Amino acid sequence: MRWALVKVCLAVTAMVVVAFAVPLGLVVQEMASDRAFSNAERQAATIGPTLSITTDPTQLSKAVESTQMGAARRMAVHVPAIGDSPPVSIGEGRAGDRAVAETRRMGRATTAKVSGGGSALLQPTALGSGDIAVVEIFVPESEVSNGVATAWLVLAGVGLALIVGSVAVADRLGARLVRPAERLADAAHQLGEGRLGARVPEAGPKELRSAAVAFNAMADQVVELLANERELAADLSHRLRTPLTVLRLNTASLGDGPAAEQTRAAVEQLEREVDTIIRTAREQRPATGLVGAGAGCDASEVIRDRMDFWSALAEDEGREVRLAGVDRTVRIPVARPELAAALDAMLGNVFRHTPEGTPFAVDVHDAGDAVIVLVSDAGPGISDPDAALRRGNDGGRDGSTGLGLDIVRRVAESTGGDVRLGRSVLGGTEVRVWIGLDGRSAGGPGGGRPGRGRRGNRRNRGRATP
């Protein structure tokens, strides 16, 4: 496209230069010729007064020699026969008798080519006797073409400069048009090869800027869709961990025997397959809203429902459970499935990472502009809470993918809240989930009310104490 534009501009400029320079050069050449013959006519007129007075050869010779052209041997006077006087030619004539006779017959100035180069101006002049004499002025070729070569060189230089300038401008314009298009094509290839970070600078002509904006928006949508797809696959797979945990714990009570061993082996294989799916699908992405406008659920109802599910397993393992703050309706802007998945992730960690018989507690506190959900246990605790909150950190442990707390974190951050890990009053781990009700409250370092979150945290610890 760039070279095509240069070629078009080159062709158009060359046509314009030829269309204007050639006629202009011909006009200059014609003007030089007219200037030379006009000067010759003026020189021929200088001898006219003498011819009107006398035709004496001696007098005419003196008059011719006194002129500029006569002194340069470029003037000749042809006097016809008058009475008994023979025709007389004074000076060096070059045109020939036929050209002189033709001029005398026509009665007007003519020009004739001279052998050896140049031209002759033949100017008829009336004599006192009524006859016509012819004054011949030799015009050399150098005078006819005087300044013409210089004019052609100037025109050629101007035309060449115009062509070079137009090519340079066309090349710059082509580059300005082509580079954004090349960047767009390159980014499209990169995106097609799986490099999802490829973006196009929004520069260049208006149309290409619009194309760049549209491409970047499309790439962002593709990244978001892929990230959501991976998150969905990972989250759905992670939700399978809860029933798998129950199955794994129940297989322990099957005793010995081929059927029991096969069941335990099948559960372990299923856990490994789920772990593989989660690790394959896991990919970091920016947090996005998890629910639409107006969506939400009653946190107390969801917690009671999930605790009914886990209470059977807790009873089998001899775990004491304390539940507080769920006797009243607490509306939160989180979809019921998302809150259920977050609760299952926290409670599943309690059963998975604490010994049997370890008590735990779940507490809900309504702080006005936020709802705090606490899950605490009396287990060994977490040595590095910050690392545990990083997505995928638990992936190195057998039977864990590290997505549980990440699900909880994304649920909280979707409302402007956060998640914190600490030491519970029971002696083990405390997971505090701050769920904002207005989209602005957050108890983390970037939140709007960290102090209030800590006070609520202390109050809830008291409520959750067994």
# chains A, B, ... in the order shown; residues from 1 in each chain; ligands from 1

call {"tool": "residues_around", "arguments": {"residues": "stretch 201-208 of chain A", "least_positions_apart": "6", "cutoff": "9 Å", "atoms": "only C-alpha atoms", "output": "ChimeraX atom specification"}}
result
/A:176-177,179-181,183-184,216

call {"tool": "write_last_selection", "arguments": {"atoms": "C-alpha atoms", "output": "CSV table (one decimal), in the first residue's frame"}}
result
chain,number,residue,atom,x,y,z
A,176,ARG,CA,1.5,7.1,8.5
A,177,LEU,CA,-1.3,5.0,6.9
A,179,ARG,CA,2.3,1.5,10.1
A,180,PRO,CA,-1.0,1.6,12.1
A,181,ALA,CA,-2.4,-1.0,9.7
A,183,ARG,CA,0.6,-2.8,13.9
A,184,LEU,CA,-3.1,-3.9,13.8
A,216,ASN,CA,-8.4,-3.5,21.9

call {"tool": "residues_around", "arguments": {"residues": "stretch 432-435 of chain A", "least_positions_apart": "4", "cutoff": "7 Å", "atoms": "only C-alpha atoms", "output": "list in words"}}
result
Ala370, Val371, Ile372, Val373, Leu374, Val375, Ala412, Thr415, Gly417, Asp418, Val419, Arg420, Leu421, Ala442 and Gly443 of chain A

call {"tool": "select_by_dssp", "arguments": {"residues": "stretch 14-227 of chain A", "states": "strand (DSSP E or B)", "output": "PyMOL selection string"}}
result
chain A and resi 75-79+82+85+88-91+110-113+119-126+132-139

call {"tool": "select_by_dssp", "arguments": {"residues": "stretch 3-250 of chain A", "states": "helix (DSSP H, G or I)", "output": "PyMOL selection string"}}
result
chain A and resi 3-45+48-53+57-65+68-71+97-106+141-144+148-192+206-239+241-250

call {"tool": "residues_around", "arguments": {"residues": "A:Lys7", "least_positions_apart": "2", "cutoff": "12 Å", "atoms": "only C-alpha atoms", "output": "PyMOL selection string"}}
result
chain A and resi 1-5+9-14+163-164+166-171+174

call {"tool": "write_last_selection", "arguments": {"atoms": "N, CA and C atoms", "output": "short mmCIF file (atom, residue, chain, number, x, y, z; two decimals), in the first residue's frame"}}
result
data_model
loop_
_atom_site.label_atom_id
_atom_site.label_comp_id
_atom_site.auth_asym_id
_atom_site.auth_seq_id
_atom_site.Cartn_x
_atom_site.Cartn_y
_atom_site.Cartn_z
N MET A 1 0.83 -1.21 0.00
CA MET A 1 0.00 0.00 0.00
C MET A 1 0.86 1.26 0.00
N ARG A 2 1.95 1.20 0.79
CA ARG A 2 2.84 2.37 0.87
C ARG A 2 3.48 2.66 -0.47
N TRP A 3 4.05 1.61 -1.11
CA TRP A 3 4.70 1.83 -2.40
C TRP A 3 3.69 2.13 -3.50
N ALA A 4 2.51 1.57 -3.41
CA ALA A 4 1.48 1.90 -4.39
C ALA A 4 1.13 3.38 -4.32
N LEU A 5 1.03 3.92 -3.08
CA LEU A 5 0.74 5.33 -2.92
C LEU A 5 1.87 6.18 -3.48
N CYS A 9 1.51 8.82 -6.62
CA CYS A 9 1.91 10.22 -6.47
C CYS A 9 3.00 10.58 -7.46
N LEU A 10 3.96 9.66 -7.70
CA LEU A 10 5.02 9.90 -8.68
C LEU A 10 4.44 10.07 -10.08
N ALA A 11 3.52 9.22 -10.45
CA ALA A 11 2.92 9.31 -11.78
C ALA A 11 2.13 10.60 -11.95
N VAL A 12 1.34 10.95 -10.94
CA VAL A 12 0.52 12.17 -11.04
C VAL A 12 1.41 13.40 -11.11
N THR A 13 2.43 13.46 -10.25
CA THR A 13 3.32 14.63 -10.26
C THR A 13 4.08 14.73 -11.57
N ALA A 14 4.55 13.60 -12.10
CA ALA A 14 5.26 13.63 -13.38
C ALA A 14 4.35 14.13 -14.50
N ILE A 163 8.84 16.45 -8.08
CA ILE A 163 8.67 15.00 -8.06
C ILE A 163 9.26 14.41 -6.79
N VAL A 164 10.50 14.85 -6.46
CA VAL A 164 11.14 14.32 -5.24
C VAL A 164 10.33 14.69 -4.00
N SER A 166 7.11 15.38 -3.83
CA SER A 166 5.84 14.63 -3.78
C SER A 166 6.06 13.19 -3.37
N VAL A 167 7.18 12.59 -3.83
CA VAL A 167 7.49 11.21 -3.43
C VAL A 167 7.76 11.14 -1.93
N ALA A 168 8.51 12.13 -1.41
CA ALA A 168 8.79 12.14 0.02
C ALA A 168 7.52 12.30 0.84
N VAL A 169 6.65 13.23 0.40
CA VAL A 169 5.39 13.43 1.12
C VAL A 169 4.52 12.17 1.03
N ALA A 170 4.48 11.56 -0.16
CA ALA A 170 3.67 10.34 -0.32
C ALA A 170 4.22 9.21 0.54
N ASP A 171 5.57 9.14 0.64
CA ASP A 171 6.17 8.09 1.47
C ASP A 171 5.82 8.30 2.94
N GLY A 174 2.19 7.54 3.32
CA GLY A 174 1.99 6.10 3.25
C GLY A 174 2.43 5.41 4.53
#

call {"tool": "residues_around", "arguments": {"residues": "A:Gly296", "least_positions_apart": "4", "cutoff": "6 Å", "atoms": "only C-alpha atoms", "output": "PyMOL selection string"}}
result
chain A and resi 332-335

call {"tool": "residues_around", "arguments": {"residues": "stretch 31-40 of chain A", "least_positions_apart": "5", "cutoff": "12 Å", "atoms": "only C-alpha atoms", "output": "PyMOL selection string"}}
result
chain A and resi 24-26+45-47+67-70+74-75+109-112+118-123+135-151

call {"tool": "atom_distance", "arguments": {"atom1": "atom CA of A:Arg410", "atom2": "atom CA of A:Arg352"}}
result
21.4 Å

call {"tool": "closest_residue", "arguments": {"among": "A:Val321, A:Ala214, A:Val200, A:Val431", "to": "A:Gly357", "atoms": "only C-alpha atoms"}}
result
A:Val321

call {"tool": "atom_distance", "arguments": {"atom1": "atom CA of A:Leu347", "atom2": "atom CA of A:Asn228"}}
result
24.6 Å
